[in-house]
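Enquirer: For reference, the structure I am asking about is given below.
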Amino acid sequence: MTDRQENLFLVLPGLALLALAFFVPIGQMLVLAFQGPEGFTLQHFARFLGDPFYLGVLWRTVKLSALITLLCLMIGFPLAYIMAHVGPRARLWLVIMVILPLMTSVVIRTFGWMVVLSRSGLIPSTLRDFGLVGRAFSLMHTETAIVIGMVQVLLPFMTLSILGVILRMDPKLEEAARTMGCTFLQTLRTVVLPLATPGIIAGSLLVFTLSASSFVTPNLLGGPRVQVLAASIYRQVTQTLDWNFAAAQAVILFAGVLLVLIPYIRLVRRADG
Amino acid sequence: MVKSIPTPLRIFAWVFVGVTGLFLLGPLIVVVGVSLSESRFISFPPNGLSLHWYRQVLSSDAYVAAAWLSLRVAVLVTISATLLGGAAAVAIHRRKLPGSETMGAFFLSPLVLPTIIYAIGMLMLWSTLFGPVSILTLWISHTIIAAPYVVRTTLAVLADSDPFLEEAAATMGAGRMQRLFLVVLPQCAPGLAAGAFFAFNVSFDEAVLSLFLRKPGMTTLPVQIYSQLEFSPDPSVAAVSTIMILLTVVLILVIDRIVGVQKFASS
């Protein structure tokens with residue numbers, strides 16, 4: 001056996017499984033999206049793009065994903081910065097604080113939000129006690145609920161993306177800027193932010209794709225009336241059983257995600273290389 | 001470093017960390033709280049303290065069956081993902097094959113491609129070729145999304161290992177198999193172990209694939225919880241969830257012992 005054969009022997013089983021059980025299914029889905037009773041057709045796409053309901057779903061998906069990404073960034077950047085600058089012990093605790101929710105099933109985290117946001121839940125009843133909202137006020141089945149839940153689900157991804165870049169930064173750069181007379185905020189703006197940009201962009205793209213494609217949290221917190229694209233695909237597959245139409249929606253989602261993912265992969269590769 | 005940050009900002013930083021921590025961990029705390037409640041209804045803070053929802057869960061056929069299925073799938077996935085992912089990582093790390101870089105990206109692609117897109121493709125392909133889904137479908141598809149974690153942890157551990165050990169072993173007359181099992185395997189062992197625990201966690205907590213690839217009588221724990229949440233949640237859902245949260249805590253502590261959570265988090 002040569003070196004080459006040994007390496008092939010090691011990598012081929014995984015590669016074969018990936019090709020057959022990952023890339024072929026995705027190909028199959030792409031084919032189904034363009035398939036009608038009489039062969040190739042664009043009717044499923046026409047149906048989607050011609051229906052104001054689905055266009056509304058698409059718009060809501062983009063809008064909410066953008067908002068979720070922005071909020072994750074606004075919380076994730078300071079959090080990552082603090083994590084990078086505390087001592088190793090405190091950092092370990094903060095990392096666990098971020099990873100524990102990340103590794104808990106998304107179903108369970110969403111359940112927690114359902115309890116807190118429901119009509120008798122902690123947040124609405126507190127708001128009611130202060131007289132800020134009316135008796136019937138509930139956050140469940142609103143876009144606000146989806147945003148709150150999704151930011152919690154995706155914040156760890158953003159934080160860890162940015163943390164990776166900040167930890168690789170030379171801490172002397174910040175010290176130098178301070179010695180040269182920069183204030184803390186000036187240092188942040190002129191040294192930290194530019195250097196952290198690859199992590200910020202990579203994290204944002206990742207959070208945007210994940211949020212555009214998740215349906216468990218939006219389904220449970222948004223309910224049937226506040227639908228997003230992924231939730232609509234799930235309904236199509238499990239309830240109306242219109243697979244071609246579901247595949248067409250998945251292709252639209254896929255295309256949108258690729259638009260975002262290609263720069264993401266370039267960026268990550270540059271950061272690693 | 002910390003010294004040069006002005007005091008008001010430092011106070012602000014700790015308040016910020018506290019609030020964010022509450023935001024991140026709050027939902028989990030709420031779930032644990034609900035599970036301890038005496039009342040028949042979901043309420044937080046809990047009314048009274050009791051463990052009777054745990055007894056309820058342990059004597060519920062639906063939950064026990066779902067847990068058993070999830071456990072079987074997760075164990076199978078852990079084995080297959082660790083074998084396939086670990087072997088691939090070793091070959092990719094050596095960079096001897098043409099296109100090793102591309103292959104690495106290939107193996108990690110299930111991490112970036114949204115699972116829903118894969119799930120719908122898998123459902124359609126499987127139904128066309130083999131008919132109804134089975135535990136085999138879950139095993140294969142969970143392996144696809146769990147293997148990248150093993151590839152990643154193993155590559156991370158190998159990157160820090162001594163590249164000359166294998167060469168030294170060869171010079172000393174070790175055969176191919178001896179080198180692989182006596183030199184390379186111990187070198188990647190921490191990565192493989194951490195990856196295996198991640199793989200278990202991914203499969204055990206996975207909801208998206210399992211929601212698409214399900215049929216009556218084949219329900220994993222997350223799917224069972226999801227269905228309960230859609231229709232009639234009671235505190236027993238919280239009890240199951242709490243057990244799953246505790247399992248995650250244990251897994252994180254174990255992974256931290258093996259490679260250090262921080263190493264993984266910042267890579």
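Residues are named by chain letter and number: chains run A, B, ... in the order of the structure tokens, numbers start at 1 in each chain, and ligands are numbered from 1 in the order shown.
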Can you check which residues of segment 22-128 of chain A DSSP gives as strand (DSSP E) on the backbone and send them as an MDAnalysis selection string?

Expert: chainID A and resid 35:36 39:40

Enquirer: I'd like the contact shell of Arg40 of chain B - 10 Å cut-off, only C-alpha atoms, skipping same-chain residues fewer than 4 positions apart - returned as a PDB file with N, CA and C atoms, in the first residue's frame.

Expert:
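Result saved to result_38.pdb:
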```pdb
ATOM      1  N   ASN B  47     -45.383  27.122  41.020  1.00  0.00           N
ATOM      2  CA  ASN B  47     -46.243  27.075  42.201  1.00  0.00           C
ATOM      3  C   ASN B  47     -45.901  25.838  43.001  1.00  0.00           C
ATOM      4  N   TRP B  53     -43.687  15.592  38.163  1.00  0.00           N
ATOM      5  CA  TRP B  53     -43.683  15.587  36.687  1.00  0.00           C
ATOM      6  C   TRP B  53     -42.586  14.682  36.156  1.00  0.00           C
ATOM      7  N   ASP B 234     -47.730  20.605  28.973  1.00  0.00           N
ATOM      8  CA  ASP B 234     -47.930  20.622  30.423  1.00  0.00           C
ATOM      9  C   ASP B 234     -46.535  20.512  31.051  1.00  0.00           C
ATOM     10  N   PRO B 235     -46.431  20.630  32.377  1.00  0.00           N
ATOM     11  CA  PRO B 235     -45.081  20.652  32.965  1.00  0.00           C
ATOM     12  C   PRO B 235     -44.247  19.395  32.688  1.00  0.00           C
ATOM     13  N   SER B 236     -44.857  18.309  32.196  1.00  0.00           N
ATOM     14  CA  SER B 236     -44.034  17.130  31.918  1.00  0.00           C
ATOM     15  C   SER B 236     -43.056  17.414  30.777  1.00  0.00           C
TER      16      SER B 236
END
```

Enquirer: Name all residues at most 8 Å from Val208 of chain B (count only C-alpha atoms; drop same-chain ones fewer than 6 positions away) and give them as a compact mmCIF listing (two decimals) with all heavy atoms, in the first residue's frame.

Expert:
```txt
# COMPACT_ATOMS: atom_id res chain seq x y z
N VAL A 216 -38.28 26.11 13.42
CA VAL A 216 -38.81 25.60 14.69
C VAL A 216 -39.23 26.76 15.59
O VAL A 216 -40.38 26.83 16.04
CB VAL A 216 -37.75 24.71 15.39
CG1 VAL A 216 -38.20 24.37 16.79
CG2 VAL A 216 -37.52 23.44 14.59
N THR B 115 -29.91 23.33 7.39
CA THR B 115 -30.37 21.94 7.52
C THR B 115 -31.71 21.73 6.84
O THR B 115 -31.98 20.64 6.34
CB THR B 115 -30.47 21.59 9.01
OG1 THR B 115 -29.30 22.05 9.65
CG2 THR B 115 -30.57 20.09 9.21
N ILE B 116 -32.57 22.75 6.82
CA ILE B 116 -33.90 22.54 6.24
C ILE B 116 -33.80 22.17 4.77
O ILE B 116 -34.55 21.33 4.26
CB ILE B 116 -34.81 23.79 6.44
CG1 ILE B 116 -36.21 23.48 5.97
CG2 ILE B 116 -34.25 25.00 5.77
CD1 ILE B 116 -37.22 24.57 6.27
N ALA B 119 -32.77 18.63 4.70
CA ALA B 119 -33.83 17.76 5.21
C ALA B 119 -34.89 17.49 4.13
O ALA B 119 -35.30 16.35 3.93
CB ALA B 119 -34.49 18.39 6.43
```

Enquirer: Excluding segment 11-19 of chain A and residues on its chain fewer than 5 positions from it, collect all residues at most 7 Å away from it, counting only C-alpha atoms, and give them as an MDAnalysis selection string.

Expert: (chainID A and resid 24) or (chainID B and resid 84:85 87:88 91 144)

Enquirer: Okay, now the selection with C-alpha atoms, as a CSV table (one decimal), in the first residue's frame?

Expert:
```
chain,number,residue,atom,x,y,z
A,24,VAL,CA,-27.5,13.8,-4.3
B,84,LEU,CA,-15.8,8.6,9.1
B,85,GLY,CA,-15.0,12.1,10.2
B,87,ALA,CA,-10.4,9.1,9.3
B,88,ALA,CA,-11.1,11.8,6.8
B,91,ALA,CA,-6.1,12.2,5.5
B,144,ILE,CA,-24.0,13.8,7.7
```

Enquirer: Using atom CA of Val260 of chain A and atom CA of Ile146 of chain A as the two end points, give the distance in Å to one decimal.

Expert: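 Computed distance, atom CA of Val260 of chain A to atom CA of Ile146 of chain A, equals 21.5 Å.
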
Enquirer: Please determine, counting only C-alpha atoms, which residue among A:Glu38, A:Glu143, A:Asp3, A:Asp170 has the shortest atom-to-atom distance to chain B.

Expert: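 Under the stated criterion, the closest residue is A:Asp3.
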
Enquirer: Would you write out, as a tab-separated table, a table of all residues in chain A that have an atom no more than 6 Å from an atom of chain B, listing for each the closest atom pair and the distance in Å to one decimal, considering only C-alpha atoms and ordering rows by chain and rising residue number?

Expert:
```
residue	atom	partner	partner_atom	distance
A:Asn7	CA	B:Ala91	CA	5.0
A:Leu10	CA	B:Ala87	CA	4.9
A:Val11	CA	B:Ala88	CA	4.2
A:Gly14	CA	B:Leu84	CA	5.0
A:Pro25	CA	B:Gly121	CA	4.5
A:Ile26	CA	B:Gly121	CA	4.9
A:Met29	CA	B:Gly121	CA	4.7
A:Ser105	CA	B:Asp205	CA	4.7
A:Ile108	CA	B:Ser241	CA	5.9
A:Arg109	CA	B:Pro27	CA	5.7
A:Gly112	CA	B:Pro27	CA	4.1
A:Trp113	CA	B:Pro27	CA	5.7
A:Gln152	CA	B:Leu24	CA	5.8
A:Gly164	CA	B:Ser266	CA	4.5
```

Enquirer: Could you check which of A:Ala136, A:Leu64, A:Leu195, A:Gly131 is closest to Arg119 of chain A, using only C-alpha atoms?

Expert: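 Between A:Ala136, A:Leu64, A:Leu195, A:Gly131, the residue approaching Arg119 of chain A most closely is A:Ala136.
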
Enquirer: With DSSP run on the backbone, what are the helix (DSSP H, G or I) residues within segment 32-180 of chain A? I'd like them as a ChimeraX atom specification.

Expert: /A:32-33,43-50,52-85,88-103,106-117,122-129,143-168,171-179

Enquirer: Take atom CA of Ala62 of chain B and atom CA of Gln228 of chain B and report the distance between them in Å, one decimal.

Expert: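 Atom CA of Gln228 of chain B lies 11.0 Å from atom CA of Ala62 of chain B.
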
Enquirer: What does the distance between atom CA of Tyr63 of chain B and atom CA of Leu36 of chain B come to in Å, to one decimal place?

Expert: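 Taking atom CA of Tyr63 of chain B and atom CA of Leu36 of chain B, their separation equals 17.7 Å.
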
Enquirer: Using only C-alpha atoms, which protein or nucleic acid residues come within 12 Å of Phe181 of chain B? Drop anything in the same chain fewer than 6 positions from it, and give the result as number ranges by chain.

Expert: B: 87, 90, 166, 169, 174-175, 187-189

Enquirer: Leaving out segment 79-95 of chain A and any residue of its chain fewer than 2 positions from it, which residues lie within 7 Å of it when counting only C-alpha atoms, given as an NGL selection string?

Expert: (:A and (75-77 or 97-99 or 159 or 162-163 or 166-167)) or (:B and (1-2 or 17 or 262))

Enquirer: Dump C-alpha atoms for the selected residues as a compact mmCIF listing (two decimals), in the first residue's frame?

Expert:
```
# COMPACT_ATOMS: atom_id res chain seq x y z
CA ILE A 75 -25.08 42.40 21.59
CA GLY A 76 -22.47 39.98 20.25
CA PHE A 77 -19.69 42.46 19.53
CA MET A 97 -22.56 30.83 29.34
CA VAL A 98 -22.53 31.13 25.53
CA ILE A 99 -22.07 27.44 24.69
CA THR A 159 -20.31 36.01 19.60
CA ILE A 162 -16.19 37.71 16.60
CA LEU A 163 -14.39 36.26 19.64
CA ILE A 166 -10.45 39.42 18.56
CA LEU A 167 -8.45 36.69 20.33
CA MET B 1 -5.32 45.47 29.46
CA VAL B 2 -8.37 45.64 31.67
CA VAL B 17 -22.57 40.71 30.79
CA GLN B 262 -12.22 27.47 25.04
```

Enquirer: Under the rule that only C-alpha atoms are counted, which of A:Leu185, A:Ala230, A:Leu32, A:Leu8 is the nearest residue to Asp242 of chain A?

Expert: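 Comparing A:Leu185, A:Ala230, A:Leu32, A:Leu8 against Asp242 of chain A, the winner is A:Leu32.
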